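Data block below; observations after.
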Amino acid sequence: MLGKLRKPVAAIALAASVLVGGAAAAHATIEYVGGGTWDHGVNSSIVWSDYYHGNRCHGSSVQGTYYEKDYASAGYWSIADAPSRPFVADRAWYDTTC
């Protein structure tokens, strides 16, 4: 009886470790969009959106535990970050206007 119970318990433990391990994975991207450079992503603790444009006012924003937006002048980085939320799709944006 104990042998029959051990296999399902091991399978559940393995599935739980894969699920929890996947939640901690980081997703980061650097893109060249809108005439600038956008660094954005999310990991187990923060969601971020950093945008640089060399010749126009611009901004970046995120939605994590709360919404944050930052604007910057041409030649500077706009930097927005917030605590990420487990099991929720956090968001990041950039824009090329102020």
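Labels for the structure tokens follow display order: chains A, B, ..., residues from 1 in each chain, ligands from 1.
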Skip stretch 87-93 of chain A itself and residues of its chain fewer than 6 positions away, then list as a ChimeraX atom specification all residues within 8 Å of it, counting only C-alpha atoms.
/A:23,40-42,47-49,60-64
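The two atoms in question, atom CA of A:Tyr76 and atom CA of A:Thr29, are spaced 19.2 Å apart.
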In Å and to one decimal, atom CA of A:Thr65 is distant from atom CA of A:His53 by 26.8 Å
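Compared by their closest atoms to A:Arg56, and using only C-alpha atoms, the residues A:Asn43, A:Thr37, A:Gly75, A:Asp81 rank with A:Gly75 nearest.
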